[in-house]
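Data block for structure-v3.cif (mmCIF, C-alpha atoms):
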```
data_upload
loop_
_atom_site.label_atom_id
_atom_site.label_comp_id
_atom_site.auth_asym_id
_atom_site.auth_seq_id
_atom_site.Cartn_x
_atom_site.Cartn_y
_atom_site.Cartn_z
CA MET D 1 -71.59 -76.09 20.47
CA LYS D 2 -69.24 -74.35 18.01
CA LEU D 3 -68.16 -75.79 14.67
CA ARG D 4 -65.30 -74.04 12.92
CA VAL D 5 -66.84 -73.05 9.60
CA SER D 6 -65.15 -70.82 7.06
CA ILE D 7 -65.91 -70.32 3.40
CA HIS D 8 -63.64 -70.02 0.40
CA PRO D 9 -63.11 -66.36 -0.58
CA VAL D 10 -64.36 -67.12 -4.10
CA THR D 11 -67.57 -68.58 -2.63
CA GLY D 12 -67.90 -65.41 -0.55
CA PHE D 13 -67.58 -63.10 -3.55
CA LEU D 14 -69.86 -65.36 -5.60
CA SER D 15 -72.49 -65.20 -2.85
CA ILE D 16 -72.34 -61.40 -2.65
CA THR D 17 -72.52 -60.96 -6.43
CA TRP D 18 -75.31 -63.48 -6.81
CA VAL D 19 -77.39 -61.98 -4.01
CA LEU D 20 -77.04 -58.46 -5.44
CA LEU D 21 -77.94 -59.68 -8.96
CA SER D 22 -80.92 -61.66 -7.66
CA LEU D 23 -82.22 -58.61 -5.82
CA TYR D 24 -81.79 -56.54 -8.98
CA MET D 25 -83.72 -59.16 -10.98
CA GLY D 26 -86.46 -59.27 -8.34
CA TYR D 27 -85.81 -62.75 -6.85
CA VAL D 28 -85.87 -61.48 -3.29
CA LEU D 29 -86.86 -64.66 -1.50
CA SER D 30 -84.08 -66.91 -2.81
CA ALA D 31 -81.49 -64.18 -2.16
CA PHE D 32 -82.83 -63.75 1.35
CA THR D 33 -82.65 -67.53 1.88
CA LEU D 34 -78.95 -67.59 1.01
CA SER D 35 -78.34 -64.71 3.43
CA LEU D 36 -80.14 -66.66 6.14
CA ILE D 37 -78.06 -69.78 5.40
CA LEU D 38 -74.89 -67.70 5.81
CA THR D 39 -76.25 -66.28 9.08
CA ILE D 40 -76.89 -69.78 10.41
CA LEU D 41 -73.35 -70.79 9.41
CA LEU D 42 -71.98 -67.78 11.26
CA VAL D 43 -73.99 -68.60 14.39
CA VAL D 44 -72.81 -72.22 14.24
CA SER D 45 -69.22 -71.09 13.70
CA LYS D 46 -68.96 -68.35 16.33
CA GLY D 47 -71.68 -69.27 18.81
CA PHE D 48 -74.83 -67.27 19.52
CA ASN D 49 -73.27 -65.11 22.24
CA GLU D 50 -70.62 -63.83 19.86
CA VAL D 51 -73.09 -62.68 17.21
CA VAL D 52 -75.87 -61.35 19.39
CA GLY D 53 -74.42 -57.83 18.97
CA LEU D 54 -74.88 -58.14 15.22
CA LEU D 55 -78.55 -58.95 15.79
CA LYS D 56 -78.85 -55.66 17.68
CA LEU D 57 -77.35 -53.91 14.65
CA TYR D 58 -79.83 -55.64 12.33
CA ALA D 59 -82.72 -54.66 14.60
CA TRP D 60 -81.67 -51.00 14.28
CA LEU D 61 -81.36 -51.45 10.55
CA VAL D 62 -84.83 -52.94 10.22
CA ILE D 63 -87.28 -51.57 12.79
CA PRO D 64 -87.00 -47.74 12.44
CA PRO D 65 -86.92 -47.77 8.60
CA PHE D 66 -89.86 -50.20 8.58
CA ILE D 67 -91.96 -47.81 10.67
CA ILE D 68 -91.04 -44.83 8.48
CA LEU D 69 -91.64 -46.73 5.23
CA THR D 70 -94.97 -48.08 6.51
CA ILE D 71 -96.11 -44.50 7.13
CA MET D 72 -94.86 -43.37 3.72
CA TYR D 73 -96.08 -46.40 1.71
CA THR D 74 -98.07 -49.53 2.55
CA PRO D 75 -96.88 -52.18 5.07
CA LEU D 76 -96.39 -54.71 2.25
CA GLU D 77 -94.18 -52.36 0.22
CA ALA D 78 -92.27 -51.47 3.37
CA LEU D 79 -91.70 -55.17 4.11
CA ASP D 80 -90.40 -55.75 0.59
CA MET D 81 -87.89 -52.90 0.87
CA ILE D 82 -86.77 -53.93 4.34
CA ILE D 83 -86.17 -57.54 3.29
CA ARG D 84 -83.97 -56.28 0.43
CA LEU D 85 -82.02 -54.06 2.81
CA LEU D 86 -81.62 -56.83 5.37
CA THR D 87 -80.52 -59.31 2.70
CA ILE D 88 -77.67 -57.03 1.60
CA ALA D 89 -76.61 -56.35 5.19
CA LEU D 90 -76.70 -60.05 6.09
CA VAL D 91 -74.74 -61.27 3.09
CA LEU D 92 -72.02 -58.60 3.38
CA THR D 93 -71.41 -58.96 7.13
CA ASN D 94 -71.65 -62.75 7.16
CA VAL D 95 -69.34 -63.30 4.20
CA LEU D 96 -66.73 -60.98 5.72
CA GLN D 97 -66.97 -62.82 9.02
CA LEU D 98 -66.73 -66.27 7.44
CA ILE D 99 -63.68 -65.61 5.23
CA THR D 100 -60.28 -66.20 6.84
CA PRO D 101 -58.06 -63.13 6.17
CA LEU D 102 -54.99 -65.13 5.17
CA GLU D 103 -57.02 -67.20 2.73
CA LEU D 104 -58.35 -63.97 1.25
CA THR D 105 -54.77 -62.70 0.89
CA TYR D 106 -53.76 -65.91 -0.88
CA THR D 107 -56.71 -65.71 -3.27
CA LEU D 108 -56.04 -62.07 -4.14
CA MET D 109 -52.38 -62.90 -4.81
CA ARG D 110 -53.48 -65.58 -7.26
CA LEU D 111 -55.37 -62.85 -9.12
CA ARG D 112 -52.02 -61.05 -9.65
CA ILE D 113 -52.93 -58.23 -7.33
CA PRO D 114 -49.69 -56.78 -5.84
CA PRO D 115 -48.77 -58.26 -2.43
CA THR D 116 -49.01 -54.85 -0.74
CA ALA D 117 -52.65 -54.55 -1.77
CA THR D 118 -53.48 -58.19 -1.06
CA LEU D 119 -52.18 -57.81 2.47
CA ALA D 120 -53.80 -54.42 2.96
CA ILE D 121 -57.35 -55.50 2.05
CA PRO D 122 -57.76 -58.27 4.68
CA ILE D 123 -55.90 -56.16 7.23
CA VAL D 124 -58.29 -53.26 6.70
CA ILE D 125 -61.29 -55.61 6.91
CA ARG D 126 -60.11 -57.40 10.04
CA LEU D 127 -58.33 -54.57 11.81
CA SER D 128 -60.99 -51.92 11.31
CA GLU D 129 -62.04 -52.46 14.92
CA TYR D 130 -58.48 -51.96 16.19
CA MET D 131 -58.05 -48.89 13.99
CA SER D 132 -61.17 -47.27 15.39
CA TYR D 133 -59.85 -48.11 18.88
CA VAL D 134 -56.55 -46.34 18.16
CA VAL D 135 -58.32 -43.28 16.73
CA ASN D 136 -60.54 -43.18 19.80
CA GLU D 137 -57.52 -43.45 22.13
CA ALA D 138 -55.79 -40.56 20.34
CA LEU D 139 -58.97 -38.46 20.45
CA VAL D 140 -59.34 -39.03 24.20
CA ALA D 141 -55.66 -38.22 24.81
CA LEU D 142 -55.83 -34.97 22.85
CA ARG D 143 -59.06 -33.94 24.58
CA GLY D 144 -57.28 -34.65 27.85
CA ARG D 145 -54.75 -31.94 27.10
CA GLY D 146 -57.41 -29.39 26.32
CA LEU D 147 -57.78 -29.58 22.56
CA ARG D 148 -61.34 -29.13 21.35
CA LYS D 149 -63.35 -28.97 18.11
CA ARG D 150 -61.35 -27.69 15.10
CA LYS D 151 -58.00 -27.78 16.89
CA LEU D 152 -58.67 -31.36 17.95
CA LEU D 153 -59.44 -32.52 14.42
CA MET D 154 -56.49 -30.60 12.94
CA ASN D 155 -54.05 -32.24 15.37
CA LEU D 156 -55.53 -35.75 15.38
CA PRO D 157 -53.56 -37.08 12.36
CA ILE D 158 -50.18 -36.24 13.96
CA PRO D 159 -50.10 -38.88 16.73
CA LEU D 160 -51.86 -41.35 14.43
CA VAL D 161 -49.25 -41.03 11.68
CA VAL D 162 -46.41 -41.32 14.19
CA HIS D 163 -48.11 -44.35 15.78
CA THR D 164 -48.46 -45.99 12.35
CA ILE D 165 -44.79 -45.45 11.51
CA LYS D 166 -43.67 -46.72 14.91
CA SER D 167 -45.97 -49.76 14.71
CA SER D 168 -44.83 -50.65 11.21
CA THR D 169 -41.19 -50.48 12.32
CA GLN D 170 -41.92 -52.76 15.26
CA LEU D 171 -43.91 -55.10 13.06
CA ALA D 172 -41.09 -55.27 10.51
CA GLU D 173 -38.60 -56.06 13.27
CA ALA D 174 -40.85 -58.80 14.65
CA LEU D 175 -41.35 -60.33 11.20
CA THR D 176 -37.62 -60.28 10.51
CA GLN D 177 -37.02 -62.01 13.82
CA LYS D 178 -39.46 -64.73 12.81
CA THR D 179 -37.68 -65.14 9.43
CA PHE D 180 -40.70 -64.17 7.39
CA ARG D 181 -39.26 -65.14 4.03
CA ASN D 182 -41.53 -67.53 2.23
CA ILE D 183 -44.97 -65.98 2.24
CA ASN D 184 -46.62 -69.22 1.11
CA LEU D 185 -45.54 -70.92 4.33
CA VAL D 186 -47.47 -68.37 6.35
CA LEU D 187 -50.53 -67.80 4.24
CA GLY D 188 -53.27 -70.40 4.31
CA LYS D 189 -54.14 -71.91 0.95
CA PRO D 190 -57.95 -71.92 0.84
CA LYS D 191 -59.66 -75.26 0.33
CA ILE D 192 -63.07 -75.89 -1.16
CA GLY D 193 -65.21 -77.55 1.50
CA LEU D 194 -68.69 -79.00 1.84
CA VAL D 195 -70.20 -75.62 2.71
CA ASP D 196 -68.77 -74.09 -0.47
CA ILE D 197 -70.22 -76.91 -2.57
CA MET D 198 -73.62 -76.50 -0.89
CA ILE D 199 -73.68 -72.75 -1.56
CA PHE D 200 -72.49 -73.30 -5.13
CA VAL D 201 -75.20 -75.94 -5.80
CA TYR D 202 -77.86 -73.65 -4.32
CA VAL D 203 -76.72 -70.71 -6.48
CA VAL D 204 -76.61 -72.84 -9.66
CA LEU D 205 -80.03 -74.37 -9.05
CA MET D 206 -81.64 -71.03 -8.33
CA THR D 207 -79.97 -69.45 -11.37
CA LEU D 208 -81.30 -72.26 -13.56
CA LYS D 209 -84.73 -71.61 -12.10
CA TYR D 210 -84.47 -67.91 -12.99
CA LEU D 211 -83.36 -68.74 -16.51
CA GLN D 212 -86.28 -71.17 -16.85
CA THR D 213 -88.78 -68.47 -15.81
CA ILE D 214 -87.17 -65.95 -18.16
CA TYR D 215 -86.76 -68.07 -21.31
CA VAL D 216 -89.28 -70.94 -21.08
CA MET W 1 -66.66 -32.70 41.83
CA ILE W 2 -66.76 -36.06 40.06
CA HIS W 3 -69.81 -38.18 40.75
CA LEU W 4 -70.76 -41.47 39.13
CA ALA W 5 -74.01 -43.04 40.29
CA LYS W 6 -75.12 -46.60 39.50
CA ILE W 7 -73.13 -46.71 36.27
CA GLU W 8 -73.75 -49.75 34.09
CA LEU W 9 -71.99 -50.34 30.79
CA TYR W 10 -72.31 -53.19 28.32
CA ASP W 11 -70.02 -53.98 25.43
CA VAL W 12 -71.19 -54.50 21.87
CA TRP W 13 -71.84 -58.18 22.63
CA TYR W 14 -74.07 -57.27 25.59
CA LYS W 15 -71.59 -58.41 28.20
CA ASP W 16 -71.32 -56.35 31.38
CA ILE W 17 -68.20 -54.23 31.64
CA LEU W 18 -69.29 -52.05 34.54
CA LYS W 19 -71.87 -53.27 37.00
CA GLY W 20 -73.39 -50.49 39.10
CA ILE W 21 -70.38 -48.27 39.77
CA ASN W 22 -70.79 -45.59 42.47
CA LEU W 23 -67.88 -43.21 42.82
CA ARG W 24 -67.55 -39.76 44.35
CA VAL W 25 -64.49 -37.51 44.32
CA ASP W 26 -64.93 -34.09 45.91
CA ASP W 27 -61.28 -33.15 46.22
CA GLY W 28 -57.89 -34.71 46.79
CA VAL W 29 -56.43 -37.72 45.05
CA VAL W 30 -58.50 -40.86 44.70
CA ALA W 31 -57.00 -44.12 43.42
CA LEU W 32 -58.62 -47.08 41.70
CA ILE W 33 -56.85 -50.35 42.44
CA GLY W 34 -57.68 -53.64 40.79
CA PRO W 35 -56.30 -56.48 38.71
CA ASN W 36 -55.88 -56.25 34.94
CA GLY W 37 -59.21 -56.13 33.12
CA ALA W 38 -61.12 -55.17 36.26
CA GLY W 39 -62.59 -52.05 34.64
CA LYS W 40 -60.37 -49.26 36.01
CA THR W 41 -59.59 -47.68 32.63
CA THR W 42 -63.23 -48.04 31.59
CA ILE W 43 -64.31 -46.08 34.68
CA LEU W 44 -61.80 -43.36 33.79
CA LYS W 45 -63.17 -43.25 30.25
CA VAL W 46 -66.66 -42.75 31.64
CA VAL W 47 -65.31 -39.86 33.75
CA VAL W 48 -63.83 -38.11 30.70
CA LYS W 49 -67.04 -38.85 28.75
CA ALA W 50 -65.21 -40.97 26.17
CA LEU W 51 -67.69 -43.75 26.97
CA LYS W 52 -71.36 -43.16 27.56
CA PRO W 53 -72.82 -45.53 30.14
CA ASP W 54 -75.95 -47.51 29.32
CA ARG W 55 -77.40 -46.70 32.73
CA GLY W 56 -76.63 -44.34 35.58
CA ARG W 57 -75.75 -40.70 36.15
CA VAL W 58 -72.44 -38.95 35.47
CA VAL W 59 -71.63 -35.55 36.97
CA VAL W 60 -68.20 -34.26 35.95
CA PRO W 61 -66.70 -30.80 35.33
CA GLU W 62 -66.59 -29.38 31.83
CA LYS W 63 -62.77 -29.38 31.62
CA VAL W 64 -61.18 -32.69 32.59
CA GLY W 65 -57.46 -33.19 31.89
CA SER W 66 -56.23 -36.70 31.30
CA SER W 67 -53.17 -38.78 30.55
CA TRP W 68 -53.47 -42.35 29.26
CA GLN W 69 -51.45 -45.51 28.95
CA ASN W 70 -49.89 -44.49 25.63
CA PRO W 71 -48.39 -41.06 26.40
CA TYR W 72 -47.34 -40.43 22.79
CA TYR W 73 -50.96 -39.90 21.71
CA SER W 74 -50.92 -36.60 23.63
CA PHE W 75 -48.20 -35.05 21.50
CA THR W 76 -48.79 -32.88 18.47
CA LYS W 77 -45.62 -30.78 18.21
CA PRO W 78 -42.06 -31.82 17.30
CA THR W 79 -40.37 -30.60 20.47
CA VAL W 80 -41.28 -30.44 24.15
CA VAL W 81 -40.89 -26.68 24.36
CA GLU W 82 -43.34 -26.14 21.51
CA GLU W 83 -45.93 -28.32 23.24
CA PHE W 84 -45.87 -26.04 26.31
CA LEU W 85 -45.43 -22.72 24.48
CA GLU W 86 -49.05 -22.94 23.39
CA TYR W 87 -50.16 -22.59 27.02
CA LEU W 88 -47.34 -20.75 28.78
CA GLY W 89 -46.48 -17.99 26.32
CA SER W 90 -42.69 -17.68 26.52
CA VAL W 91 -39.73 -20.04 26.49
CA ARG W 92 -38.62 -18.70 29.88
CA GLU W 93 -41.92 -19.63 31.45
CA VAL W 94 -41.74 -23.09 29.92
CA GLU W 95 -38.22 -23.45 31.25
CA GLU W 96 -39.39 -22.43 34.71
CA PHE W 97 -42.39 -24.74 34.61
CA LEU W 98 -40.40 -27.80 33.54
CA GLY W 99 -37.61 -26.86 35.96
CA ASN W 100 -40.07 -27.30 38.85
CA TYR W 101 -40.27 -30.98 37.98
CA GLY W 102 -36.61 -31.48 37.07
CA LEU W 103 -37.36 -31.71 33.37
CA LYS W 104 -35.45 -28.70 32.08
CA HIS W 105 -33.15 -31.01 30.11
CA LEU W 106 -36.10 -32.18 27.99
CA LEU W 107 -36.83 -28.69 26.68
CA SER W 108 -35.43 -29.17 23.18
CA LYS W 109 -35.99 -32.94 22.90
CA TYR W 110 -38.16 -34.41 20.15
CA THR W 111 -41.47 -35.43 21.72
CA PHE W 112 -41.87 -38.69 19.82
CA LYS W 113 -38.30 -39.72 20.63
CA LEU W 114 -38.69 -39.38 24.40
CA SER W 115 -38.36 -42.53 26.48
CA VAL W 116 -41.67 -43.95 27.78
CA GLY W 117 -41.05 -42.57 31.27
CA GLN W 118 -40.15 -39.11 30.02
CA ALA W 119 -43.07 -39.10 27.60
CA ARG W 120 -45.45 -40.07 30.40
CA LEU W 121 -44.18 -37.27 32.59
CA VAL W 122 -44.57 -34.70 29.79
CA SER W 123 -48.02 -36.06 29.00
CA ILE W 124 -49.09 -35.66 32.64
CA LEU W 125 -47.78 -32.09 32.69
CA LEU W 126 -49.64 -31.35 29.44
CA ALA W 127 -52.81 -32.63 31.08
CA VAL W 128 -52.29 -30.21 33.98
CA VAL W 129 -50.93 -27.10 32.26
CA TRP W 130 -54.12 -25.99 30.49
CA GLY W 131 -55.99 -25.48 33.77
CA PRO W 132 -58.52 -28.33 33.95
CA GLU W 133 -61.08 -28.57 36.76
CA ALA W 134 -60.34 -32.26 37.36
CA LEU W 135 -57.61 -34.68 36.41
CA VAL W 136 -57.68 -38.33 35.34
CA LEU W 137 -54.51 -40.44 35.07
CA ASP W 138 -54.29 -44.00 33.83
CA GLU W 139 -51.25 -45.93 35.10
CA PRO W 140 -49.23 -42.73 35.70
CA THR W 141 -46.12 -44.47 37.05
CA ASN W 142 -45.48 -46.99 34.24
CA GLY W 143 -41.88 -46.58 33.13
CA LEU W 144 -41.05 -43.85 35.65
CA SER W 145 -37.92 -43.87 37.77
CA LEU W 146 -38.18 -43.50 41.54
CA ARG W 147 -37.30 -39.81 41.34
CA GLU W 148 -39.89 -39.17 38.60
CA ARG W 149 -42.55 -41.02 40.57
CA TYR W 150 -41.84 -38.79 43.51
CA ALA W 151 -42.14 -35.71 41.27
CA VAL W 152 -45.51 -36.88 39.93
CA SER W 153 -46.71 -37.58 43.46
CA GLU W 154 -45.64 -34.09 44.56
CA LEU W 155 -47.41 -32.56 41.57
CA LEU W 156 -50.65 -34.40 42.27
CA ARG W 157 -50.54 -33.45 45.95
CA SER W 158 -49.96 -29.80 45.10
CA ILE W 159 -52.78 -29.18 42.59
CA LYS W 160 -56.08 -28.26 44.17
CA ILE W 161 -58.42 -30.15 41.89
CA PRO W 162 -60.00 -33.61 42.18
CA VAL W 163 -57.68 -36.26 40.78
CA VAL W 164 -58.56 -39.86 39.90
CA ILE W 165 -55.75 -42.31 39.19
CA ALA W 166 -55.86 -45.94 38.14
CA SER W 167 -52.74 -47.84 39.11
CA HIS W 168 -51.18 -51.09 40.27
CA ASP W 169 -48.36 -49.26 41.99
CA LEU W 170 -49.21 -49.68 45.67
CA ASP W 171 -46.25 -47.63 46.93
CA PHE W 172 -47.19 -44.72 44.69
CA ILE W 173 -50.82 -44.92 45.80
CA LEU W 174 -49.80 -44.96 49.44
CA MET W 175 -47.60 -41.93 48.82
CA THR W 176 -50.19 -39.98 46.82
CA SER W 177 -53.83 -40.81 47.35
CA ASP W 178 -56.19 -40.01 50.21
CA TYR W 179 -58.89 -42.46 49.29
CA VAL W 180 -58.90 -45.79 47.48
CA TYR W 181 -61.60 -47.67 45.60
CA VAL W 182 -60.92 -51.36 45.00
CA VAL W 183 -62.26 -52.45 41.61
CA ASN W 184 -62.76 -56.07 40.61
CA ASP W 185 -64.72 -57.66 37.78
CA GLY W 186 -66.57 -54.49 36.79
CA HIS W 187 -67.72 -53.37 40.19
CA ILE W 188 -66.32 -51.51 43.18
CA VAL W 189 -65.61 -54.05 45.89
CA CYS W 190 -64.99 -51.45 48.59
CA GLY W 191 -63.71 -47.95 49.24
CA GLY W 192 -61.94 -46.37 52.14
CA SER W 193 -59.02 -44.26 53.25
CA THR W 194 -55.75 -45.50 51.76
CA LEU W 195 -54.35 -46.76 55.06
CA ASP W 196 -57.59 -48.54 56.01
CA ILE W 197 -57.58 -50.39 52.70
CA PHE W 198 -53.87 -51.21 52.96
CA TYR W 199 -54.27 -52.64 56.45
CA SER W 200 -57.36 -54.67 55.52
CA ASP W 201 -57.09 -57.95 53.60
CA VAL W 202 -59.14 -56.72 50.62
CA LEU W 203 -56.09 -56.34 48.39
CA GLN W 204 -54.93 -59.87 49.10
CA HIS W 205 -58.43 -61.14 48.23
CA ILE W 206 -58.15 -59.70 44.72
CA GLY W 207 -54.68 -61.11 44.18
CA PHE W 208 -52.36 -58.31 45.30
CA PRO W 209 -49.49 -59.03 47.66
CA GLU W 210 -49.41 -57.31 51.02
CA PRO W 211 -47.89 -53.84 50.48
CA GLU W 212 -44.20 -53.91 51.29
CA VAL W 213 -44.33 -50.90 53.64
CA VAL W 214 -47.21 -52.43 55.59
CA ARG W 215 -45.42 -55.79 55.83
CA VAL W 216 -42.20 -54.23 57.11
CA GLY W 217 -44.19 -52.05 59.51
CA LYS W 218 -45.94 -55.11 60.91
CA GLU W 219 -42.64 -56.91 61.37
CA LEU W 220 -41.29 -53.94 63.30
CA GLY W 221 -44.51 -53.65 65.28
CA LEU W 222 -45.32 -50.22 63.81
CA ARG W 223 -48.49 -48.87 62.26
CA LEU W 224 -48.46 -46.17 59.57
CA ARG W 225 -50.41 -43.02 60.25
CA CYS W 226 -51.64 -40.46 57.74
CA ILE W 227 -50.55 -36.80 58.00
CA ASP W 228 -53.93 -35.65 59.38
CA GLU W 229 -53.72 -38.24 62.14
CA VAL W 230 -50.20 -37.11 63.04
CA LYS W 231 -51.24 -33.45 63.08
CA SER W 232 -54.26 -34.10 65.29
#
```
Written as structure tokens, how would this file's structure read?
Amino acid sequence: MKLRVSIHPVTGFLSITWVLLSLYMGYVLSAFTLSLILTILLVVSKGFNEVVGLLKLYAWLVIPPFIILTIMYTPLEALDMIIRLLTIALVLTNVLQLITPLELTYTLMRLRIPPTATLAIPIVIRLSEYMSYVVNEALVALRGRGLRKRKLLMNLPIPLVVHTIKSSTQLAEALTQKTFRNINLVLGKPKIGLVDIMIFVYVVLMTLKYLQTIYV
Amino acid sequence: MIHLAKIELYDVWYKDILKGINLRVDDGVVALIGPNGAGKTTILKVVVKALKPDRGRVVVPEKVGSSWQNPYYSFTKPTVVEEFLEYLGSVREVEEFLGNYGLKHLLSKYTFKLSVGQARLVSILLAVVWGPEALVLDEPTNGLSLRERYAVSELLRSIKIPVVIASHDLDFILMTSDYVYVVNDGHIVCGGSTLDIFYSDVLQHIGFPEPEVVRVGKELGLRLRCIDEVKS
């Protein structure tokens, strides 16, 4: 069963900042717990089959370094370092997956960041897969006409730049056709939901606990 | 020689893309036919080593020329003549080479301003001109006129290297290829000589209509024969 779960961009950035600060302060377990909560949300939102590839990535991130660190240090120290690494990986990937790009655009615009940049950031995040596909296609095409090594790399930007210009022209034409005038009609205004409140409450409670251990 | 044995490929989400592909091309033109998303382009990408299979064995020559669905990715120079000068040496030779395929008029055209059909033709010639040991073409007839399709077919028939094409264009395949592999849902359903496949009902099973030439032939009570059959 899939439930459509997305988080507010501010909650996403708050989660990342809080996790990184907690790790810096040494509160590994509570940071790791938040990362796990976000992972569960992602699994619920996308379905297990859709995120199983990410698990493969995490396995590569965890197992080989754990073996190396165990040889270099003790297993306990290795475990501590690996949990920190995994926490950062989990929180970054999950937050990026759970934020809706248009909501992120809207939020960045509210921060007075120029529209070109606010559009570019979510596009880069979301379209990185497509971009790598295009680069790969161009690489294969140039190899197919006999270009190799240095020559291949020197010539690679040419079709990519032309493709970008052509695509942007087509995109502009398509947007004009759809009377893309009022950006607020298209962009989704993010709403604070139950998930955001839960994450916020968790972060506040844990921060209070830190403060208590530091000052009391 | 191109040889793929028991090729299996999974995507990043662990879903099968190719399921035990066996393919062998010693010489001549071999076509891959199949519906959209069947895995034809993926097989071609394995042949040019752009994708590494998770299982199986790939034996391909060192130099494989290729032309893909977006022909503009193959261009790096502003004009057509400059693209070919790199390989042919002089403008006269380029003129002669393009003249063989009726493309002399494209000599001074801007590469990125060519129409899709013209760009595809130039891209195919660029894949051939540098002397590869095998050739791979993905949808070579998209956007080509009848005359250009005939020129491509002639070109492929004349070069003495193994050629693999992936296409939906049944008439072009009938005109060009000696052998056909039918691809569906990530595996090769069957393979056989082009006429055998065209006269069987395999193509209809995967959603293709009966080839027009075959249908007309049947109505007239005629059966197509390949050149070797006629000669013998």
Quiz item: Any idea what the distance is between CA of Phe172 (chain W) and CA of Arg24 (chain W)?
Solution: 21.0 Å
Quiz item: By how many Å are CA of Tyr27 (chain D) and CA of Ile67 (chain D) apart?
Solution: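 It comes out at 23.8 Å.
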Taking (-67.4, -32.1, 37.6) in the file's coordinates as the center, which residues reach within 7 Å of it, counting all atoms listed in the file, put as a PDB file with C-alpha atoms, in the coordinates of the input?
```pdb
ATOM      1  CA  MET W   1     -66.660 -32.700  41.830  1.00  0.00           C
ATOM      2  CA  ILE W   2     -66.760 -36.060  40.060  1.00  0.00           C
ATOM      3  CA  VAL W  59     -71.630 -35.550  36.970  1.00  0.00           C
ATOM      4  CA  VAL W  60     -68.200 -34.260  35.950  1.00  0.00           C
ATOM      5  CA  PRO W  61     -66.700 -30.800  35.330  1.00  0.00           C
ATOM      6  CA  GLU W  62     -66.590 -29.380  31.830  1.00  0.00           C
TER       7      GLU W  62
END
```
Exercise. List the neighbours of Leu86 (chain D) out to 8 Å using all atoms listed in the file; skip same-chain residues closer than 4 positions along the sequence, and give me the result as a list in words.
Key: Tyr58, Leu61, Val62, Ile82 and Leu90 of chain D
Any chance you can output those residues with C-alpha atoms as a PDB file, in the coordinates of the input?
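Result written to selection39.pdb:
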```pdb
ATOM      1  CA  TYR D  58     -79.830 -55.640  12.330  1.00  0.00           C
ATOM      2  CA  LEU D  61     -81.360 -51.450  10.550  1.00  0.00           C
ATOM      3  CA  VAL D  62     -84.830 -52.940  10.220  1.00  0.00           C
ATOM      4  CA  ILE D  82     -86.770 -53.930   4.340  1.00  0.00           C
ATOM      5  CA  LEU D  90     -76.700 -60.050   6.090  1.00  0.00           C
TER       6      LEU D  90
END
```
Quiz item: Between W:Ile21, W:Leu170, W:Val128, W:Ile197, which has the minimum distance to Glu212 (chain W) (counting all atoms listed in the file)?
Solution: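 When distances to Glu212 (chain W) are compared using all atoms listed in the file, the smallest one comes from W:Leu170.
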List every residue of chain D that has an atom at most 7 Å from any atom of chain W, and for each one report the closest atom pair and its distance in Å to one decimal, counting only C-alpha atoms, with rows sorted by chain and then by increasing residue number, as CSV.
```
residue,atom,partner,partner_atom,distance
D:Glu50,CA,W:Trp13,CA,6.4
D:Val52,CA,W:Trp13,CA,6.1
D:Gly53,CA,W:Trp13,CA,4.5
D:Ala138,CA,W:Tyr73,CA,5.1
D:Val140,CA,W:Ala50,CA,6.5
D:Ala141,CA,W:Ser74,CA,5.1
D:Leu142,CA,W:Ser74,CA,5.2
D:Gly144,CA,W:Ser66,CA,4.1
D:Arg145,CA,W:Ala127,CA,4.5
D:Gly146,CA,W:Trp130,CA,6.3
D:Asn155,CA,W:Thr76,CA,6.1
D:Ile158,CA,W:Thr76,CA,5.8
D:Pro159,CA,W:Tyr73,CA,5.2
```
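With only C-alpha atoms as the atoms that count, the residue of D:Ile40, D:Val10, D:Val195, D:Val5 with the shortest distance to Thr107 (chain D) is D:Val10.
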Kindly reconstruct region 194-201 of chain W with N, CA and C atoms and present the result as a tab-separated table (two decimals), keeping the file's coordinate frame.
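See selection.tsv below for the written result:
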```
chain	number	residue	atom	x	y	z
W	194	THR	N	-56.83	-44.67	52.30
W	194	THR	CA	-55.75	-45.50	51.76
W	194	THR	C	-55.19	-46.45	52.83
W	195	LEU	N	-54.94	-45.91	54.03
W	195	LEU	CA	-54.35	-46.76	55.06
W	195	LEU	C	-55.30	-47.87	55.51
W	196	ASP	N	-56.60	-47.51	55.61
W	196	ASP	CA	-57.59	-48.54	56.01
W	196	ASP	C	-57.58	-49.70	55.02
W	197	ILE	N	-57.57	-49.34	53.74
W	197	ILE	CA	-57.58	-50.39	52.70
W	197	ILE	C	-56.28	-51.20	52.75
W	198	PHE	N	-55.16	-50.51	52.95
W	198	PHE	CA	-53.87	-51.21	52.96
W	198	PHE	C	-53.74	-52.14	54.16
W	199	TYR	N	-54.36	-51.77	55.27
W	199	TYR	CA	-54.27	-52.64	56.45
W	199	TYR	C	-55.34	-53.72	56.47
W	200	SER	N	-56.35	-53.61	55.58
W	200	SER	CA	-57.36	-54.67	55.52
W	200	SER	C	-56.82	-55.77	54.61
W	201	ASP	N	-57.58	-56.87	54.48
W	201	ASP	CA	-57.09	-57.95	53.60
W	201	ASP	C	-57.78	-57.95	52.23
```
